[in-house]
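Structure file run.cif; described as mmCIF, C-alpha atoms and all ligand atoms.
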data_entry
loop_
_atom_site.label_atom_id
_atom_site.label_comp_id
_atom_site.auth_asym_id
_atom_site.auth_seq_id
_atom_site.Cartn_x
_atom_site.Cartn_y
_atom_site.Cartn_z
CA MET A 1 21.92 -3.68 -36.73
CA ALA A 2 18.78 -2.03 -35.34
CA ARG A 3 19.69 1.11 -37.29
CA ALA A 4 20.26 -0.87 -40.48
CA LEU A 5 16.79 -2.36 -40.15
CA GLY A 6 15.35 1.14 -39.98
CA ILE A 7 17.37 2.64 -42.79
CA SER A 8 17.04 -0.14 -45.30
CA GLY A 9 13.28 -0.45 -45.03
CA LEU A 10 13.87 -4.11 -44.22
CA GLY A 11 12.02 -3.57 -40.95
CA MET A 12 8.89 -2.46 -42.76
CA LEU A 13 9.12 -5.45 -45.08
CA LEU A 14 9.57 -7.89 -42.20
CA ARG A 15 6.57 -6.44 -40.36
CA LYS A 16 4.51 -7.02 -43.49
CA VAL A 17 5.58 -10.60 -44.16
CA ASN A 18 4.69 -11.90 -40.72
CA ALA A 19 8.22 -12.79 -39.69
CA TRP A 20 7.20 -14.17 -36.30
CA GLN A 21 4.15 -15.49 -34.46
CA GLY A 22 3.41 -15.16 -30.78
CA VAL A 23 3.08 -12.53 -28.07
CA ILE A 24 5.61 -9.91 -27.03
CA ASN A 25 4.90 -9.05 -23.39
CA LEU A 26 6.58 -5.75 -22.61
CA ALA A 27 7.62 -5.07 -19.01
CA TYR A 28 7.76 -1.46 -17.82
CA HIS A 29 8.36 -0.03 -14.34
CA ARG A 30 8.40 3.78 -14.33
CA ILE A 31 7.81 6.42 -17.00
CA GLY A 32 9.36 9.89 -16.79
CA GLU A 33 12.61 11.80 -16.46
CA THR A 34 15.27 9.99 -14.45
CA LEU A 35 17.86 12.73 -14.15
CA ARG A 36 16.00 14.89 -11.66
CA ARG A 37 15.45 12.06 -9.17
CA PRO A 38 17.82 10.58 -6.60
CA PHE A 39 16.21 7.12 -6.85
CA ASP A 40 17.18 4.00 -8.75
CA ARG A 41 17.41 4.94 -12.43
CA ALA A 42 17.25 1.33 -13.55
CA LEU A 43 13.54 1.47 -12.72
CA TRP A 44 12.77 4.11 -15.35
CA SER A 45 11.76 2.38 -18.56
CA ALA A 46 11.22 5.40 -20.80
CA THR A 47 10.61 9.14 -20.84
CA ALA A 48 7.01 10.19 -21.43
CA ARG A 49 7.97 11.18 -24.97
CA ASN A 50 9.58 7.84 -25.77
CA PHE A 51 6.71 5.92 -24.22
CA ASP A 52 4.23 7.90 -26.32
CA GLU A 53 6.26 7.08 -29.43
CA GLN A 54 6.47 3.40 -28.47
CA MET A 55 2.69 3.09 -27.98
CA ARG A 56 2.04 4.85 -31.29
CA PHE A 57 4.39 2.45 -33.08
CA LEU A 58 2.82 -0.64 -31.47
CA LYS A 59 -0.73 0.42 -32.30
CA LYS A 60 0.24 1.09 -35.90
CA HIS A 61 2.04 -2.18 -36.58
CA PHE A 62 0.77 -4.82 -34.14
CA ASP A 63 -2.31 -6.25 -32.56
CA VAL A 64 -2.04 -4.75 -29.06
CA ILE A 65 -4.09 -6.88 -26.67
CA GLY A 66 -5.19 -6.71 -23.04
CA ILE A 67 -4.81 -9.58 -20.59
CA ASN A 68 -8.48 -10.49 -21.04
CA ASP A 69 -7.73 -11.27 -24.71
CA LEU A 70 -4.85 -13.62 -23.92
CA GLY A 71 -6.96 -16.78 -23.54
CA ARG A 72 -8.60 -16.20 -26.93
CA VAL A 73 -5.26 -15.40 -28.56
CA LEU A 74 -3.69 -18.57 -27.15
CA SER A 75 -6.47 -20.80 -28.42
CA ARG A 76 -6.23 -19.13 -31.82
CA GLY A 77 -2.50 -19.86 -31.86
CA ARG A 78 -1.44 -17.54 -34.66
CA GLY A 79 -0.80 -13.88 -35.24
CA ARG A 80 1.51 -11.27 -33.73
CA TYR A 81 0.45 -9.65 -30.51
CA VAL A 82 1.84 -7.23 -27.97
CA LEU A 83 0.81 -6.94 -24.32
CA VAL A 84 1.98 -4.01 -22.18
CA THR A 85 2.63 -4.59 -18.45
CA PHE A 86 3.85 -2.46 -15.53
CA ASP A 87 5.37 -3.68 -12.24
CA ASP A 88 5.32 -2.32 -8.68
CA GLY A 89 2.69 0.48 -8.55
CA TYR A 90 4.74 3.69 -8.83
CA ARG A 91 2.60 6.82 -9.13
CA ASP A 92 4.00 7.85 -12.51
CA ASN A 93 2.13 4.82 -13.88
CA TYR A 94 -1.07 6.73 -13.14
CA GLU A 95 0.12 10.28 -13.76
CA VAL A 96 2.25 9.81 -16.86
CA ALA A 97 1.65 6.39 -18.44
CA TYR A 98 -2.12 6.09 -18.00
CA PRO A 99 -3.10 9.22 -20.02
CA LEU A 100 -0.84 8.04 -22.86
CA LEU A 101 -2.20 4.50 -22.74
CA LYS A 102 -5.73 5.88 -22.88
CA ALA A 103 -4.89 8.21 -25.74
CA HIS A 104 -3.52 5.31 -27.78
CA GLY A 105 -6.18 2.81 -26.73
CA VAL A 106 -3.69 0.41 -25.14
CA PRO A 107 -5.17 -1.74 -22.34
CA ALA A 108 -2.16 -2.35 -20.07
CA LEU A 109 -1.81 -4.68 -17.10
CA PHE A 110 -0.48 -3.23 -13.83
CA PHE A 111 1.05 -5.53 -11.20
CA ILE A 112 0.82 -3.99 -7.73
CA ALA A 113 2.98 -4.76 -4.68
CA THR A 114 0.19 -3.94 -2.22
CA GLY A 115 2.47 -3.13 0.74
CA PHE A 116 3.91 -0.12 -1.13
CA LEU A 117 0.41 1.37 -1.39
CA ASP A 118 -0.74 0.42 2.11
CA ARG A 119 2.44 1.45 3.97
CA PRO A 120 4.38 3.72 1.59
CA LYS A 121 8.16 3.64 2.00
CA ALA A 122 11.25 3.77 -0.18
CA PRO A 123 12.06 0.23 -1.35
CA TRP A 124 15.65 -0.80 -0.69
CA TRP A 125 16.79 -0.26 -4.30
CA ASP A 126 15.60 3.36 -4.19
CA GLU A 127 16.99 3.90 -0.70
CA ILE A 128 20.44 2.60 -1.69
CA ALA A 129 20.49 4.84 -4.79
CA TRP A 130 19.41 7.82 -2.66
CA MET A 131 22.10 7.17 -0.01
CA ILE A 132 24.92 6.81 -2.52
CA ARG A 133 23.89 9.84 -4.61
CA LEU A 134 23.44 12.12 -1.61
CA SER A 135 26.50 11.01 0.30
CA THR A 136 29.37 13.51 0.58
CA ALA A 137 31.78 10.55 0.78
CA GLU A 138 33.86 9.60 -2.25
CA TYR A 139 33.70 5.89 -1.69
CA LEU A 140 32.12 3.23 0.51
CA PRO A 141 34.71 1.69 2.84
CA SER A 142 35.14 -2.07 3.02
CA SER A 143 32.92 -3.93 5.47
CA PRO A 144 31.85 -7.44 6.50
CA TRP A 145 29.33 -7.22 3.61
CA LEU A 146 31.62 -5.91 0.88
CA SER A 147 35.29 -6.81 1.32
CA GLU A 148 36.55 -4.18 -1.17
CA PRO A 149 35.84 -0.45 -0.95
CA VAL A 150 33.39 0.78 -3.60
CA GLN A 151 34.64 3.89 -5.43
CA PHE A 152 31.92 6.31 -6.53
CA ASP A 153 31.89 6.88 -10.27
CA GLU A 154 31.05 10.56 -10.70
CA PRO A 155 28.84 12.28 -11.52
CA TRP A 156 25.96 9.80 -11.19
CA ARG A 157 27.63 6.97 -9.25
CA GLU A 158 25.63 4.46 -11.29
CA ASN A 159 28.19 1.64 -11.12
CA ALA A 160 28.57 2.07 -7.37
CA ILE A 161 24.78 1.90 -6.97
CA ARG A 162 24.63 -1.30 -9.06
CA THR A 163 27.43 -2.91 -7.02
CA VAL A 164 25.94 -2.08 -3.63
CA ALA A 165 22.39 -2.99 -4.69
CA ALA A 166 23.61 -6.39 -5.94
CA ALA A 167 25.40 -7.00 -2.63
CA HIS A 168 22.22 -6.15 -0.73
CA LYS A 169 20.06 -8.35 -2.95
CA ALA A 170 22.37 -11.31 -2.29
CA LEU A 171 21.70 -10.96 1.47
CA LEU A 172 17.89 -11.05 1.22
CA PRO A 173 15.82 -11.87 3.14
CA GLY A 174 16.44 -11.14 6.83
CA LYS A 175 18.36 -9.25 9.44
CA ASN A 176 21.72 -9.32 7.65
CA ALA A 177 20.25 -7.35 4.72
CA GLU A 178 18.68 -4.85 7.15
CA ASP A 179 22.00 -4.53 9.03
CA PHE A 180 23.73 -3.77 5.74
CA LEU A 181 21.32 -0.86 5.13
CA GLU A 182 22.04 0.46 8.65
CA PHE A 183 25.76 0.22 7.94
CA LEU A 184 25.33 2.14 4.66
CA ALA A 185 23.32 4.87 6.40
CA LEU A 186 26.15 5.36 8.91
CA ALA A 187 29.13 4.91 6.58
CA LEU A 188 27.67 7.23 3.93
CA GLY A 189 26.54 9.79 6.51
CA THR A 190 23.04 10.12 5.10
CA GLY A 191 21.01 8.20 7.65
CA ARG A 192 18.04 6.10 6.50
CA TYR A 193 15.52 7.52 4.04
CA ASN A 194 12.55 8.80 6.01
CA ASP A 195 10.91 11.55 3.94
CA PRO A 196 7.16 11.30 4.64
CA ASN A 197 6.52 12.56 1.09
CA ILE A 198 7.52 9.10 -0.14
CA ALA A 199 3.76 8.32 -0.22
CA GLU A 200 3.67 10.46 -3.37
CA SER A 201 5.92 7.94 -5.13
CA TRP A 202 3.15 5.34 -5.03
CA MET A 203 -0.34 5.19 -6.46
CA THR A 204 -3.29 5.39 -4.08
CA TRP A 205 -6.01 2.77 -4.23
CA ASP A 206 -8.32 5.42 -5.73
CA MET A 207 -5.85 5.79 -8.59
CA VAL A 208 -5.72 2.03 -9.08
CA ARG A 209 -9.52 1.91 -9.16
CA GLU A 210 -9.47 4.66 -11.77
CA LEU A 211 -7.05 2.65 -13.92
CA LYS A 212 -9.38 -0.31 -13.70
CA ALA A 213 -12.46 1.79 -14.52
CA GLY A 214 -10.53 3.17 -17.51
CA GLY A 215 -10.05 -0.29 -19.05
CA MET A 216 -6.69 -1.21 -17.53
CA ALA A 217 -6.20 -4.54 -15.74
CA ILE A 218 -4.73 -5.01 -12.26
CA GLY A 219 -2.67 -7.98 -11.09
CA GLY A 220 -0.65 -8.93 -8.00
CA HIS A 221 3.06 -8.55 -7.27
CA THR A 222 3.12 -9.76 -3.59
CA VAL A 223 2.85 -7.52 -0.50
CA ASN A 224 6.49 -6.75 0.31
CA HIS A 225 8.26 -7.51 -2.97
CA PRO A 226 10.44 -10.39 -1.66
CA ILE A 227 12.44 -12.92 -3.64
CA LEU A 228 9.75 -15.58 -3.24
CA ARG A 229 12.00 -18.55 -3.86
CA ARG A 230 14.09 -17.69 -0.79
CA LEU A 231 11.04 -17.84 1.51
CA PRO A 232 9.59 -20.95 3.15
CA ALA A 233 6.32 -22.19 1.63
CA GLU A 234 4.05 -20.68 4.29
CA GLN A 235 5.63 -17.23 3.89
CA GLN A 236 5.29 -17.44 0.12
CA MET A 237 1.63 -18.29 0.63
CA GLU A 238 1.26 -15.28 2.93
CA GLU A 239 2.87 -12.87 0.45
CA ILE A 240 0.70 -14.15 -2.40
CA GLY A 241 -2.50 -14.71 -0.41
CA GLU A 242 -2.42 -11.33 1.37
CA CYS A 243 -1.72 -9.55 -1.90
CA GLY A 244 -4.76 -11.29 -3.41
CA LYS A 245 -6.88 -10.35 -0.41
CA ARG A 246 -5.93 -6.66 -0.62
CA LEU A 247 -6.65 -6.54 -4.36
CA ALA A 248 -10.02 -8.22 -3.81
CA ALA A 249 -10.91 -5.85 -0.96
CA GLU A 250 -9.95 -2.70 -2.86
CA LEU A 251 -11.03 -3.65 -6.37
CA GLY A 252 -13.81 -6.15 -5.77
CA GLN A 253 -12.23 -8.81 -7.98
CA PRO A 254 -9.99 -11.81 -7.33
CA MET A 255 -6.29 -11.74 -8.26
CA ARG A 256 -6.15 -13.53 -11.61
CA TRP A 257 -2.75 -12.35 -12.84
CA PHE A 258 0.59 -12.10 -11.12
CA SER A 259 4.18 -11.11 -11.79
CA TYR A 260 7.11 -12.43 -9.76
CA PRO A 261 9.18 -9.75 -7.98
CA PHE A 262 12.65 -9.64 -9.62
CA GLY A 263 11.27 -12.33 -11.91
CA GLY A 264 14.47 -14.11 -12.99
CA HIS A 265 14.88 -17.90 -12.99
CA ASP A 266 15.90 -17.78 -9.30
CA ALA A 267 12.87 -15.69 -8.24
CA PHE A 268 10.29 -18.46 -7.89
CA ASP A 269 9.97 -22.23 -7.60
CA GLU A 270 7.45 -25.07 -7.52
CA GLN A 271 6.11 -23.87 -4.15
CA THR A 272 5.39 -20.47 -5.68
CA ARG A 273 3.50 -22.07 -8.54
CA ALA A 274 1.51 -24.19 -6.09
CA CYS A 275 0.57 -21.04 -4.12
CA LEU A 276 -0.56 -19.27 -7.28
CA ARG A 277 -2.61 -22.27 -8.39
CA LYS A 278 -4.29 -22.41 -4.97
CA GLN A 279 -5.11 -18.69 -5.25
CA GLY A 280 -6.76 -19.23 -8.62
CA VAL A 281 -4.19 -17.22 -10.58
CA GLN A 282 -4.55 -17.82 -14.31
CA PHE A 283 -1.31 -16.32 -15.68
CA ALA A 284 1.98 -15.45 -13.97
CA PHE A 285 4.70 -13.41 -15.68
CA SER A 286 8.44 -13.70 -15.13
CA TYR A 287 11.18 -11.28 -16.09
CA LYS A 288 12.97 -13.74 -18.32
CA SER A 289 13.73 -11.93 -21.50
CA GLY A 290 12.27 -13.17 -24.73
CA PHE A 291 9.01 -13.21 -26.62
CA GLN A 292 6.42 -15.95 -26.27
CA ARG A 293 5.98 -18.25 -29.22
CA PHE A 294 2.76 -20.19 -29.50
CA GLY A 295 3.25 -23.81 -28.49
CA ASP A 296 5.87 -22.85 -25.93
CA TRP A 297 3.51 -21.62 -23.21
CA ASP A 298 3.91 -22.10 -19.50
CA GLN A 299 1.02 -20.23 -17.84
CA PHE A 300 3.10 -19.64 -14.69
CA ASN A 301 6.28 -18.55 -16.44
CA ILE A 302 5.29 -16.19 -19.23
CA ARG A 303 8.31 -14.40 -20.61
CA ARG A 304 8.48 -10.64 -20.82
CA VAL A 305 10.81 -8.21 -22.52
CA PRO A 306 12.19 -5.60 -20.10
CA ILE A 307 12.03 -2.09 -21.55
CA GLU A 308 14.80 0.14 -20.25
CA TRP A 309 15.47 3.81 -20.79
CA GLU A 310 18.55 3.17 -22.98
CA ILE A 311 16.30 1.57 -25.59
CA ASN A 312 15.97 4.19 -28.34
CA HIS A 313 13.41 4.22 -31.17
CA GLU A 314 15.49 2.12 -33.54
CA TRP A 315 16.14 -0.51 -30.91
CA PHE A 316 12.47 -0.59 -29.90
CA HIS A 317 11.33 -0.96 -33.51
CA ALA A 318 13.91 -3.70 -34.02
CA LEU A 319 12.85 -5.71 -30.99
CA ALA A 320 9.20 -5.62 -32.01
CA THR A 321 10.06 -6.42 -35.61
CA LEU A 322 12.56 -9.20 -35.04
CA PRO A 323 11.99 -10.39 -31.47
CA GLN A 324 13.79 -13.64 -32.30
CA LEU A 325 16.96 -11.56 -32.49
CA PHE A 326 16.45 -8.48 -30.33
CA CYS A 327 14.29 -9.56 -27.37
ZN ZN B 401 8.85 -5.40 -8.98
#
Translate this file's structure into structure tokens.
Ligand SMILES: [Zn+2]
Amino acid sequence: MARALGISGLGMLLRKVNAWQGVINLAYHRIGETLRRPFDRALWSATARNFDEQMRFLKKHFDVIGINDLGRVLSRGRGRYVLVTFDDGYRDNYEVAYPLLKAHGVPALFFIATGFLDRPKAPWWDEIAWMIRLSTAEYLPSSPWLSEPVQFDEPWRENAIRTVAAAHKALLPGKNAEDFLEFLALALGTGRYNDPNIAESWMTWDMVRELKAGGMAIGGHTVNHPILRRLPAEQQMEEIGECGKRLAAELGQPMRWFSYPFGGHDAFDEQTRACLRKQGVQFAFSYKSGFQRFGDWDQFNIRRVPIEWEINHEWFHALATLPQLFC
């Protein structure tokens, strides 16, 4: 269908006749080549080349806004807008995405999990991917955490990584999840990930300040990237409040924008909203797929469209052209 839109010229027509009104908030994580890295490939949203092409297309056909324009756009209540966002704070955001954003004049919004910058480590999703890819085992034996053995689908073991990561996510937060990682390290024979070069996976605060000075916006994404809804209220407040404090200390501005880690409907609750309100956050973004129509706004649950590396040009053009159908 996406291809048909491209071939028939229908896409161009639809873009001209104003087929939809609202804001498409695009959610990216990492930009670059996935195949050379042992980490979680689901985090790579596009190659540098595809990202470049996507930004060129957006600038040509849409009104690409920054977060500071959102208030004005909402009160206007008509038009077609696109906002580009990034989650987590991976260094390729600075090294690969930022030069392209600057070249195209796209003011993106970067949500930072401050703990990754302050105490760099491999997050559990990257550590699990690393363990399974590097393991010389052919499968993960059954355990108290996973009753069936997990066969490794060669050569990339992607399905195995998805299965084990989902099992780990279900255990969060707490000791049981940590015990599961220890079990994996032993059963897979890799040990835990402890390469000190992991700091190079994350931006430094100097890089974040450079993004800001270059016209990008910076928002919060907690300290430790937890599933907020599973934490008691005071811990939620700590994750959100400390994140805000670190951003204020490093950037000299309060945290006004936020994105929920994992971001699905089970990632946050009323307590989370109350914490954000107390912190003075103006807009909070979820990871619920879909574009935002005017008149259907919830300032603490703004929908985003996840961009993943499988999305080719035709698909990307289709989702921006007919978000009602493709987002
Ligand atoms: Zn995240």
> Hey, which of A:Gly264, A:Pro173, A:Pro155, A:Gly215 ends up closest to ligand ZN 401 (chain B)? Count all atoms listed in the file.
Replying inline: A:Gly264
Which residues of segment 52-92 of chain A come within 10 Å of segment 280-302 of chain A, and for each one, what is the closest pair of atoms and their distance in Å to one decimal, counting only C-alpha atoms, sorted by chain and residue number, as JSON lines?
{"residue": "A:Ile67", "atom": "CA", "partner": "A:Phe283", "partner_atom": "CA", "distance": 9.0}
{"residue": "A:Leu70", "atom": "CA", "partner": "A:Phe283", "partner_atom": "CA", "distance": 9.4}
{"residue": "A:Gly71", "atom": "CA", "partner": "A:Gln282", "partner_atom": "CA", "distance": 9.6}
{"residue": "A:Val73", "atom": "CA", "partner": "A:Phe294", "partner_atom": "CA", "distance": 9.4}
{"residue": "A:Leu74", "atom": "CA", "partner": "A:Phe294", "partner_atom": "CA", "distance": 7.1}
{"residue": "A:Ser75", "atom": "CA", "partner": "A:Phe294", "partner_atom": "CA", "distance": 9.3}
{"residue": "A:Arg76", "atom": "CA", "partner": "A:Phe294", "partner_atom": "CA", "distance": 9.3}
{"residue": "A:Gly77", "atom": "CA", "partner": "A:Phe294", "partner_atom": "CA", "distance": 5.8}
{"residue": "A:Arg78", "atom": "CA", "partner": "A:Phe294", "partner_atom": "CA", "distance": 7.2}
{"residue": "A:Gly79", "atom": "CA", "partner": "A:Phe294", "partner_atom": "CA", "distance": 9.2}
{"residue": "A:Arg80", "atom": "CA", "partner": "A:Arg293", "partner_atom": "CA", "distance": 9.4}
{"residue": "A:Tyr81", "atom": "CA", "partner": "A:Gln292", "partner_atom": "CA", "distance": 9.7}
{"residue": "A:Val82", "atom": "CA", "partner": "A:Phe291", "partner_atom": "CA", "distance": 9.4}
{"residue": "A:Thr85", "atom": "CA", "partner": "A:Phe285", "partner_atom": "CA", "distance": 9.5}
>> Is it possible to get the residues within 7 Å of (5.4, 0.0, -25.7) (coordinates as in the file, counting all atoms listed in the file) written as a list in words?
In response: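 Within the cut-off we find Leu26, Phe51, Gln54, Met55, Leu58 and Val84 of chain A.
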> Counting only C-alpha atoms, what is within 9 Å of segment 252-256 of chain A, bar same-chain residues fewer than 2 positions away, as a list in words?
Replying inline: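 The residues satisfying every condition are Ile218, Gly219, Gly220, Cys243, Gly244, Lys245, Leu247, Ala248, Ala249, Glu250, Phe258, Gln279, Gly280, Val281, Gln282, Phe283 and Ala284 of chain A.
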>> What does the list of residues within 7 Å of ligand ZN 401 (chain B) look like if you count all atoms listed in the file, written as a ChimeraX atom specification?
In response: /A:87-88,221,225,261-262
>> Residues near Asp179 of chain A, anyone? I mean within 12 Å using all atoms listed in the file, not counting same-chain ones fewer than 6 positions away, as a list of chain:residue names.
In response: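 The filter keeps A:Ser143, A:Pro144, A:Trp145, A:His168, A:Leu171, A:Leu172, A:Pro173, A:Ala185, A:Leu186, A:Arg192.
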Store the residues of this selection in a file with C-alpha atoms, as an mmCIF file, in the frame of the given file.
data_model
loop_
_atom_site.group_PDB
_atom_site.id
_atom_site.type_symbol
_atom_site.label_atom_id
_atom_site.label_comp_id
_atom_site.auth_asym_id
_atom_site.auth_seq_id
_atom_site.Cartn_x
_atom_site.Cartn_y
_atom_site.Cartn_z
ATOM 1 C CA SER A 143 32.920 -3.930 5.470
ATOM 2 C CA PRO A 144 31.850 -7.440 6.500
ATOM 3 C CA TRP A 145 29.330 -7.220 3.610
ATOM 4 C CA HIS A 168 22.220 -6.150 -0.730
ATOM 5 C CA LEU A 171 21.700 -10.960 1.470
ATOM 6 C CA LEU A 172 17.890 -11.050 1.220
ATOM 7 C CA PRO A 173 15.820 -11.870 3.140
ATOM 8 C CA ALA A 185 23.320 4.870 6.400
ATOM 9 C CA LEU A 186 26.150 5.360 8.910
ATOM 10 C CA ARG A 192 18.040 6.100 6.500
#
>> Measuring between all atoms listed in the file, which one of A:Lys102, A:Lys278, A:Arg304, A:Arg37 shows the shortest distance to Ser259 of chain A?
In response: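 Using all atoms listed in the file, the shortest distance to Ser259 of chain A belongs to A:Arg304.
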